[in-house]
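Shown here: run.cif, mmCIF, C-alpha atoms.
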data_upload
loop_
_atom_site.label_atom_id
_atom_site.label_comp_id
_atom_site.auth_asym_id
_atom_site.auth_seq_id
_atom_site.Cartn_x
_atom_site.Cartn_y
_atom_site.Cartn_z
CA MET A 182 80.79 88.29 114.71
CA GLY A 183 78.98 86.43 117.39
CA ASN A 184 79.65 83.97 120.14
CA PRO A 185 81.41 80.81 118.87
CA ILE A 186 79.10 78.48 120.81
CA VAL A 187 75.98 80.16 119.45
CA PHE A 188 77.43 80.08 115.94
CA LEU A 189 78.31 76.39 116.16
CA ILE A 190 74.85 75.45 117.46
CA LEU A 191 73.14 77.45 114.70
CA ALA A 192 75.50 76.07 112.04
CA GLY A 193 74.78 72.54 113.27
CA ILE A 194 71.02 73.09 113.08
CA ALA A 195 71.36 74.65 109.62
CA LEU A 196 73.44 71.76 108.26
CA ILE A 197 71.25 69.04 109.82
CA SER A 198 68.05 70.65 108.55
CA ALA A 199 69.57 71.04 105.07
CA LEU A 200 70.55 67.36 105.06
CA GLY A 201 67.10 66.49 106.35
CA MET A 202 65.58 68.35 103.43
CA LEU A 203 67.84 66.44 101.06
CA MET A 204 67.11 63.01 102.54
CA SER A 205 63.37 63.17 103.30
CA ARG A 206 61.24 60.92 101.14
CA ASN A 207 58.19 63.08 101.84
CA ALA A 208 58.10 66.52 100.20
CA VAL A 209 56.14 68.01 103.11
CA HIS A 210 58.91 66.97 105.53
CA SER A 211 61.47 68.50 103.17
CA ALA A 212 59.55 71.78 103.17
CA LEU A 213 59.35 71.84 106.97
CA PHE A 214 63.07 71.12 107.26
CA LEU A 215 63.68 74.01 104.88
CA VAL A 216 61.57 76.32 107.07
CA LEU A 217 63.80 75.39 110.01
CA ASN A 218 66.88 76.08 107.88
CA PHE A 219 65.59 79.50 106.79
CA THR A 220 64.75 80.41 110.38
CA THR A 221 68.24 79.45 111.52
CA ILE A 222 69.77 81.59 108.79
CA ALA A 223 67.46 84.43 109.87
CA VAL A 224 68.91 84.21 113.39
CA LEU A 225 72.41 84.35 111.87
CA PHE A 226 71.30 87.52 110.05
CA LEU A 227 70.36 88.98 113.43
CA ILE A 228 73.80 88.13 114.82
CA LEU A 229 75.35 89.73 111.72
CA ASN A 230 73.75 93.11 112.43
CA ALA A 231 70.95 92.80 109.88
CA PRO A 232 67.73 93.09 111.93
CA PHE A 233 65.57 94.17 109.03
CA LEU A 234 66.74 91.25 106.88
CA PHE A 235 65.97 88.97 109.81
CA VAL A 236 62.32 90.03 109.69
CA THR A 237 62.25 89.92 105.88
CA GLN A 238 63.73 86.42 105.85
CA ILE A 239 61.11 85.12 108.25
CA THR A 240 58.11 86.79 106.61
CA ILE A 241 59.06 86.33 102.94
CA TYR A 242 61.08 83.12 102.95
CA ALA A 243 59.93 81.07 105.91
CA GLY A 244 56.47 82.57 105.57
CA ALA A 245 55.29 83.38 102.07
CA ILE A 246 57.57 81.27 99.88
CA MET A 247 57.36 78.12 101.99
CA VAL A 248 53.59 78.40 102.31
CA LEU A 249 53.48 78.54 98.52
CA PHE A 250 55.63 75.39 98.36
CA LEU A 251 53.49 73.52 100.89
CA PHE A 252 50.35 74.66 99.13
CA VAL A 253 51.54 73.29 95.78
CA VAL A 254 52.78 70.02 97.31
CA MET A 255 49.43 69.43 98.97
CA LEU A 256 47.41 70.66 96.00
CA LEU A 257 49.10 68.17 93.70
CA GLY A 258 49.17 65.41 96.31
CA ALA A 259 52.80 65.04 95.36
CA GLU A 260 54.18 64.19 98.78
CA GLN A 261 55.95 61.22 97.24
CA LEU A 262 56.73 60.29 93.69
CA ARG A 263 54.74 57.35 92.46
CA GLY A 264 56.66 54.11 92.16
CA ASP A 265 60.31 53.62 92.90
CA PRO A 266 61.93 57.03 93.46
CA THR A 267 65.24 55.80 92.10
CA GLN A 268 63.60 54.37 89.01
CA GLY A 269 65.34 55.51 85.87
CA LEU A 270 68.23 56.76 87.96
CA GLY A 271 71.40 55.21 86.62
CA ARG A 272 73.49 53.43 89.26
CA TRP A 273 76.37 55.78 88.48
CA GLN A 274 74.38 58.96 89.08
CA ILE A 275 74.39 59.09 92.88
CA PRO A 276 78.13 58.28 93.28
CA LEU A 277 78.93 60.78 90.54
CA SER A 278 76.84 63.46 92.27
CA ILE A 279 78.63 62.81 95.55
CA ILE A 280 82.04 63.00 93.85
CA LEU A 281 81.03 66.31 92.25
CA ALA A 282 79.78 67.64 95.60
CA VAL A 283 83.05 66.66 97.30
CA ALA A 284 84.97 68.36 94.50
CA LEU A 285 82.88 71.51 94.98
CA ILE A 286 83.44 71.63 98.73
CA ALA A 287 87.15 70.90 98.21
CA THR A 288 87.35 73.86 95.84
CA PHE A 289 85.70 76.09 98.44
CA GLY A 290 88.11 74.79 101.06
CA TYR A 291 91.11 75.36 98.81
CA ILE A 292 90.05 78.94 98.12
CA LEU A 293 89.52 79.45 101.84
CA VAL A 294 92.94 78.21 102.95
CA SER A 295 95.06 79.49 100.07
CA GLY A 296 94.62 82.18 97.42
CA THR A 297 93.42 85.60 98.43
CA ASP A 298 93.15 85.92 102.14
CA VAL A 299 89.70 87.45 102.48
CA THR A 300 89.71 87.07 106.24
CA THR A 301 92.22 89.80 107.01
CA VAL A 302 90.84 92.48 104.68
CA GLY A 303 88.10 94.66 106.06
CA ALA A 304 87.35 96.59 109.15
CA GLU A 305 84.76 94.71 111.21
CA GLY A 306 84.95 96.52 114.55
CA GLU A 307 81.97 98.55 115.70
CA ALA A 308 78.83 97.68 113.75
CA ILE A 309 77.21 100.41 111.67
CA ALA A 310 73.49 101.14 112.05
CA ALA A 311 71.47 98.88 109.77
CA GLY A 312 67.87 99.42 110.80
CA PRO A 313 64.93 99.87 108.41
CA ALA A 314 65.66 103.61 108.10
CA GLU A 315 69.24 103.09 106.90
CA ILE A 316 68.21 100.28 104.55
CA GLY A 317 65.39 102.41 103.16
CA LEU A 318 67.69 105.36 102.55
CA ALA A 319 70.22 103.18 100.72
CA LEU A 320 67.44 101.48 98.73
CA PHE A 321 65.79 104.70 97.59
CA GLU A 322 68.93 106.78 97.06
CA SER A 323 71.78 104.73 95.61
CA TYR A 324 69.72 101.72 94.48
CA VAL A 325 66.56 103.31 93.18
CA PHE A 326 67.05 102.00 89.62
CA PRO A 327 67.56 98.34 90.60
CA PHE A 328 64.56 98.78 92.88
CA GLU A 329 62.38 99.80 89.94
CA VAL A 330 63.76 96.94 87.85
CA ALA A 331 62.83 94.55 90.67
CA SER A 332 59.27 95.88 90.68
CA ILE A 333 59.04 95.30 86.91
CA LEU A 334 60.39 91.77 87.45
CA LEU A 335 57.65 91.08 90.01
CA LEU A 336 55.03 92.47 87.63
CA VAL A 337 56.30 90.24 84.80
CA ALA A 338 56.26 87.21 87.11
CA MET A 339 52.70 88.02 88.15
CA ILE A 340 51.51 88.35 84.55
CA GLY A 341 53.40 85.17 83.65
CA VAL A 342 51.68 83.18 86.37
CA VAL A 343 48.26 84.46 85.33
CA VAL A 344 48.97 83.55 81.69
CA LEU A 345 50.20 80.09 82.71
CA ARG A 346 47.06 79.40 84.71
CA THR A 347 44.76 80.41 81.88
CA ARG A 348 43.93 77.44 79.71
CA ARG A 349 43.88 77.89 75.99
CA GLY A 350 40.43 78.74 74.66
CA GLU A 351 39.22 79.97 78.02
CA ASN A 352 38.54 83.56 78.87
CA ALA A 353 39.23 83.63 82.59
CA MET B 59 87.69 80.65 123.12
CA PRO B 60 88.34 81.17 119.40
CA GLU B 61 86.75 84.16 117.75
CA VAL B 62 84.14 83.76 115.02
CA THR B 63 85.68 85.10 111.82
CA ILE B 64 84.34 85.52 108.31
CA GLY B 65 86.00 82.19 107.47
CA TRP B 66 83.46 80.31 109.62
CA TYR B 67 80.62 81.87 107.69
CA ILE B 68 82.29 81.07 104.37
CA ALA B 69 82.62 77.43 105.46
CA LEU B 70 78.97 77.21 106.57
CA SER B 71 77.77 78.90 103.40
CA ALA B 72 79.89 76.58 101.23
CA ALA B 73 78.51 73.53 103.01
CA LEU B 74 74.90 74.68 102.60
CA PHE B 75 75.51 75.51 98.94
CA THR B 76 77.00 72.07 98.33
CA ILE B 77 74.03 70.35 99.98
CA GLY B 78 71.75 72.37 97.72
CA ALA B 79 73.74 71.41 94.62
CA LEU B 80 73.64 67.77 95.70
CA GLY B 81 69.86 68.02 96.07
CA VAL B 82 69.53 69.31 92.51
CA LEU B 83 71.69 66.45 91.24
CA ILE B 84 70.16 63.45 93.02
CA ARG B 85 66.51 64.21 93.71
CA ARG B 86 63.86 63.42 91.10
CA ASN B 87 60.96 65.37 92.61
CA ALA B 88 60.73 68.73 90.82
CA ILE B 89 59.47 70.51 93.95
CA ILE B 90 62.40 69.28 96.03
CA ILE B 91 64.78 70.40 93.29
CA PHE B 92 63.20 73.84 93.63
CA MET B 93 63.72 73.77 97.38
CA SER B 94 67.38 72.91 96.83
CA VAL B 95 67.73 75.94 94.56
CA GLU B 96 66.24 78.06 97.34
CA LEU B 97 68.78 76.59 99.75
CA MET B 98 71.63 77.61 97.42
CA LEU B 99 70.23 81.14 97.14
CA ASN B 100 70.08 81.31 100.91
CA ALA B 101 73.67 80.18 101.28
CA ALA B 102 74.66 83.06 99.00
CA ASN B 103 72.48 85.46 101.02
CA LEU B 104 74.18 84.39 104.24
CA LEU B 105 77.57 85.13 102.75
CA PHE B 106 76.38 88.52 101.47
CA VAL B 107 75.25 89.51 104.95
CA ALA B 108 78.39 88.10 106.59
CA PHE B 109 80.58 90.17 104.28
CA ALA B 110 78.38 93.25 104.80
CA ARG B 111 79.14 92.89 108.51
CA HIS B 112 82.80 92.11 107.89
CA LEU B 113 83.36 95.14 105.68
CA ASN B 114 80.91 97.35 107.62
CA ASP B 115 79.02 98.19 104.47
CA LEU B 116 75.26 98.13 103.90
CA ASP B 117 75.48 97.26 100.19
CA GLY B 118 75.64 93.54 100.92
CA GLN B 119 72.32 93.71 102.74
CA ILE B 120 70.71 95.63 99.88
CA PHE B 121 71.81 92.88 97.52
CA VAL B 122 70.08 90.29 99.68
CA PHE B 123 66.84 92.19 99.17
CA PHE B 124 67.15 91.87 95.42
CA VAL B 125 68.04 88.19 95.72
CA ILE B 126 64.93 87.62 97.83
CA THR B 127 62.82 89.50 95.25
CA VAL B 128 64.17 87.42 92.37
CA ALA B 129 63.70 84.21 94.39
CA ALA B 130 60.08 85.10 95.11
CA ALA B 131 59.38 85.76 91.42
CA GLU B 132 61.19 82.56 90.45
CA VAL B 133 59.22 80.44 92.92
CA ALA B 134 55.88 81.85 91.75
CA VAL B 135 56.62 81.16 88.06
CA GLY B 136 58.32 77.83 88.74
CA LEU B 137 55.52 76.43 90.85
CA ALA B 138 52.96 77.58 88.29
CA LEU B 139 54.95 75.68 85.65
CA ILE B 140 55.06 72.57 87.84
CA VAL B 141 51.28 72.72 88.35
CA ALA B 142 50.77 73.12 84.60
CA ILE B 143 53.05 70.15 83.88
CA PHE B 144 51.30 68.05 86.53
CA ARG B 145 47.96 68.69 84.82
CA THR B 146 49.11 67.09 81.60
CA LYS B 147 51.55 64.43 82.86
CA GLN B 148 50.03 63.59 86.26
CA SER B 149 53.59 63.47 87.63
CA ILE B 150 56.33 65.79 88.77
CA ASN B 151 59.15 63.32 88.26
CA ILE B 152 61.68 65.24 86.20
CA ASP B 153 62.70 62.07 84.36
CA GLU B 154 59.27 62.09 82.76
CA MET B 155 59.60 65.72 81.65
CA ASN B 156 61.56 65.09 78.50
CA MET B 157 59.52 67.00 75.94
CA LEU B 158 59.12 70.73 75.48
CA LYS B 159 55.73 70.01 73.92
CA GLY B 160 53.09 69.85 76.65
#
Kindly return the structure encoded in the file as structure tokens.
Amino acid sequence: MGNPIVFLILAGIALISALGMLMSRNAVHSALFLVLNFTTIAVLFLILNAPFLFVTQITIYAGAIMVLFLFVVMLLGAEQLRGDPTQGLGRWQIPLSIILAVALIATFGYILVSGTDVTTVGAEGEAIAAGPAEIGLALFESYVFPFEVASILLLVAMIGVVVLRTRRGENA
Amino acid sequence: MPEVTIGWYIALSAALFTIGALGVLIRRNAIIIFMSVELMLNAANLLFVAFARHLNDLDGQIFVFFVITVAAAEVAVGLALIVAIFRTKQSINIDEMNMLKG
């Protein structure tokens, strides 16, 4: 599943960019760090024999969704919260969050080292074809109903956004 | 040279998910909380694709498509809500969003 050195470099970039997103005071910097993170994950998709998802990840996530984020941040001029960002934040909240995060990662680690050994099940071996044609066949044959549900979901989201943007008492 | 196994991907995905959860817990900017949610969704996507490769099955990749669809819908609605809240409150600090009434 890839060269260890390449994996470690990509994992390092992904973790550092995720931490950068978490730590940045400026929301625009956070968004740009997140773009880097999404791109790194897209490259991992490519290593994992998912070329079509690689393209989808870059166009939809790193492209469309992050542009939407940046657009809203700049539209609102909300790069930074006004006043002290930790205002109203109880002193106990950050330590408690870190304890909870450590507990979460410890749980993941525990499941990984004990419990069901997921690492030995499965075939791996020669990769199956996973180009757009294979994905399309799977999507329109076995998963045609979820596909339709997803299109309804997108329609509902679109109508919802239009309704939200229409002020009461206005026609347009 | 050790071989990259599924365990490495699980570890990376768990770390990214935890960073995302931490972001939701400690940040006060609603937009950054949204970005952290996206990061968690992406950690799950990475694991889906890693297991699709591990088990040599396309279903994991199909699932990622649906996750991306739901994430796109969620971002559109969520950001519209944030803009609507900003119009009335002039702030996106979630500590100031304590009333359902606009």
Evaluate the PyMOL selection byres ((chain A) within 7 of (chain B)) and report residues as an NGL selection string: :A and (182-185 or 192 or 196 or 199-200 or 203 or 208 or 222 or 226 or 229-230 or 246 or 262 or 275 or 278 or 282 or 285-286 or 289 or 300 or 303-305 or 308-309 or 320 or 331 or 335 or 338 or 341-342 or 345)
Quick one: pull the distance between atom CA of A:Ile197 and atom CA of A:Val224, Å, one decimal. 15.8 Å
Which residues match the PyMOL selection byres ((chain A and resi 239-243) around 7) in the file above, as a ChimeraX atom specification? /A:216,219-220,223,235-238,244-247
Write to file, as a CSV table (one decimal), in the coordinates of the input, the residues of the selection just made, with C-alpha atoms.
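Wrote result.csv, looks like this:
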chain,number,residue,atom,x,y,z
A,216,VAL,CA,61.6,76.3,107.1
A,219,PHE,CA,65.6,79.5,106.8
A,220,THR,CA,64.8,80.4,110.4
A,223,ALA,CA,67.5,84.4,109.9
A,235,PHE,CA,66.0,89.0,109.8
A,236,VAL,CA,62.3,90.0,109.7
A,237,THR,CA,62.2,89.9,105.9
A,238,GLN,CA,63.7,86.4,105.8
A,244,GLY,CA,56.5,82.6,105.6
A,245,ALA,CA,55.3,83.4,102.1
A,246,ILE,CA,57.6,81.3,99.9
A,247,MET,CA,57.4,78.1,102.0
Could you check how far atom CA of A:Ser198 sits from atom CA of B:Met98, in Å to one decimal?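 Answer for the atom CA of A:Ser198 to atom CA of B:Met98 separation: 13.6 Å.
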Kindly give the distance, in Å, that separates atom CA of A:Ile316 and atom CA of A:Ile228, rounded to a single decimal.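 That distance, rounded to one decimal, is 16.9 Å.
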N, CA and C atoms are what I want for stretch 71-96 of chain B; can you complete it accordingly and write them as a PDB file, keeping the file's coordinate frame?
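Saved as part30.pdb:
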ATOM      1  N   SER B  71      78.456  78.588 104.645  1.00  0.00           N
ATOM      2  CA  SER B  71      77.770  78.900 103.400  1.00  0.00           C
ATOM      3  C   SER B  71      78.145  77.901 102.303  1.00  0.00           C
ATOM      4  N   ALA B  72      79.447  77.546 102.242  1.00  0.00           N
ATOM      5  CA  ALA B  72      79.890  76.580 101.230  1.00  0.00           C
ATOM      6  C   ALA B  72      79.234  75.234 101.454  1.00  0.00           C
ATOM      7  N   ALA B  73      79.126  74.822 102.721  1.00  0.00           N
ATOM      8  CA  ALA B  73      78.510  73.530 103.010  1.00  0.00           C
ATOM      9  C   ALA B  73      77.041  73.531 102.613  1.00  0.00           C
ATOM     10  N   LEU B  74      76.324  74.614 102.947  1.00  0.00           N
ATOM     11  CA  LEU B  74      74.900  74.680 102.600  1.00  0.00           C
ATOM     12  C   LEU B  74      74.725  74.699 101.082  1.00  0.00           C
ATOM     13  N   PHE B  75      75.601  75.443 100.395  1.00  0.00           N
ATOM     14  CA  PHE B  75      75.510  75.510  98.940  1.00  0.00           C
ATOM     15  C   PHE B  75      75.721  74.132  98.327  1.00  0.00           C
ATOM     16  N   THR B  76      76.712  73.395  98.880  1.00  0.00           N
ATOM     17  CA  THR B  76      77.000  72.070  98.330  1.00  0.00           C
ATOM     18  C   THR B  76      75.828  71.119  98.556  1.00  0.00           C
ATOM     19  N   ILE B  77      75.195  71.204  99.732  1.00  0.00           N
ATOM     20  CA  ILE B  77      74.030  70.350  99.980  1.00  0.00           C
ATOM     21  C   ILE B  77      72.919  70.667  98.976  1.00  0.00           C
ATOM     22  N   GLY B  78      72.747  71.982  98.705  1.00  0.00           N
ATOM     23  CA  GLY B  78      71.750  72.370  97.720  1.00  0.00           C
ATOM     24  C   GLY B  78      72.065  71.821  96.336  1.00  0.00           C
ATOM     25  N   ALA B  79      73.339  71.922  95.940  1.00  0.00           N
ATOM     26  CA  ALA B  79      73.740  71.410  94.620  1.00  0.00           C
ATOM     27  C   ALA B  79      73.525  69.908  94.547  1.00  0.00           C
ATOM     28  N   LEU B  80      73.841  69.219  95.647  1.00  0.00           N
ATOM     29  CA  LEU B  80      73.640  67.770  95.700  1.00  0.00           C
ATOM     30  C   LEU B  80      72.158  67.436  95.552  1.00  0.00           C
ATOM     31  N   GLY B  81      71.301  68.243  96.178  1.00  0.00           N
ATOM     32  CA  GLY B  81      69.860  68.020  96.070  1.00  0.00           C
ATOM     33  C   GLY B  81      69.395  68.143  94.626  1.00  0.00           C
ATOM     34  N   VAL B  82      69.924  69.151  93.909  1.00  0.00           N
ATOM     35  CA  VAL B  82      69.530  69.310  92.510  1.00  0.00           C
ATOM     36  C   VAL B  82      69.994  68.105  91.700  1.00  0.00           C
ATOM     37  N   LEU B  83      71.156  67.551  92.048  1.00  0.00           N
ATOM     38  CA  LEU B  83      71.690  66.450  91.240  1.00  0.00           C
ATOM     39  C   LEU B  83      70.991  65.125  91.509  1.00  0.00           C
ATOM     40  N   ILE B  84      70.643  64.821  92.766  1.00  0.00           N
ATOM     41  CA  ILE B  84      70.160  63.450  93.020  1.00  0.00           C
ATOM     42  C   ILE B  84      68.660  63.316  93.206  1.00  0.00           C
ATOM     43  N   ARG B  85      67.947  64.402  93.501  1.00  0.00           N
ATOM     44  CA  ARG B  85      66.510  64.210  93.710  1.00  0.00           C
ATOM     45  C   ARG B  85      65.775  64.204  92.379  1.00  0.00           C
ATOM     46  N   ARG B  86      64.630  63.525  92.334  1.00  0.00           N
ATOM     47  CA  ARG B  86      63.860  63.420  91.100  1.00  0.00           C
ATOM     48  C   ARG B  86      62.523  64.150  91.197  1.00  0.00           C
ATOM     49  N   ASN B  87      62.209  64.649  92.400  1.00  0.00           N
ATOM     50  CA  ASN B  87      60.960  65.370  92.610  1.00  0.00           C
ATOM     51  C   ASN B  87      61.208  66.848  92.274  1.00  0.00           C
ATOM     52  N   ALA B  88      60.474  67.363  91.296  1.00  0.00           N
ATOM     53  CA  ALA B  88      60.730  68.730  90.820  1.00  0.00           C
ATOM     54  C   ALA B  88      60.600  69.754  91.933  1.00  0.00           C
ATOM     55  N   ILE B  89      59.659  69.536  92.867  1.00  0.00           N
ATOM     56  CA  ILE B  89      59.470  70.510  93.950  1.00  0.00           C
ATOM     57  C   ILE B  89      60.677  70.523  94.881  1.00  0.00           C
ATOM     58  N   ILE B  90      61.238  69.323  95.141  1.00  0.00           N
ATOM     59  CA  ILE B  90      62.400  69.280  96.030  1.00  0.00           C
ATOM     60  C   ILE B  90      63.615  69.886  95.343  1.00  0.00           C
ATOM     61  N   ILE B  91      63.704  69.738  94.023  1.00  0.00           N
ATOM     62  CA  ILE B  91      64.780  70.400  93.290  1.00  0.00           C
ATOM     63  C   ILE B  91      64.664  71.924  93.462  1.00  0.00           C
ATOM     64  N   PHE B  92      63.429  72.407  93.398  1.00  0.00           N
ATOM     65  CA  PHE B  92      63.200  73.840  93.630  1.00  0.00           C
ATOM     66  C   PHE B  92      63.648  74.263  95.017  1.00  0.00           C
ATOM     67  N   MET B  93      63.310  73.440  96.012  1.00  0.00           N
ATOM     68  CA  MET B  93      63.720  73.770  97.380  1.00  0.00           C
ATOM     69  C   MET B  93      65.244  73.804  97.489  1.00  0.00           C
ATOM     70  N   SER B  94      65.923  72.920  96.787  1.00  0.00           N
ATOM     71  CA  SER B  94      67.380  72.910  96.830  1.00  0.00           C
ATOM     72  C   SER B  94      67.951  74.188  96.226  1.00  0.00           C
ATOM     73  N   VAL B  95      67.294  74.670  95.157  1.00  0.00           N
ATOM     74  CA  VAL B  95      67.730  75.940  94.560  1.00  0.00           C
ATOM     75  C   VAL B  95      67.575  77.071  95.574  1.00  0.00           C
ATOM     76  N   GLU B  96      66.444  77.045  96.302  1.00  0.00           N
ATOM     77  CA  GLU B  96      66.240  78.060  97.340  1.00  0.00           C
ATOM     78  C   GLU B  96      67.334  77.989  98.402  1.00  0.00           C
TER      79      GLU B  96
END
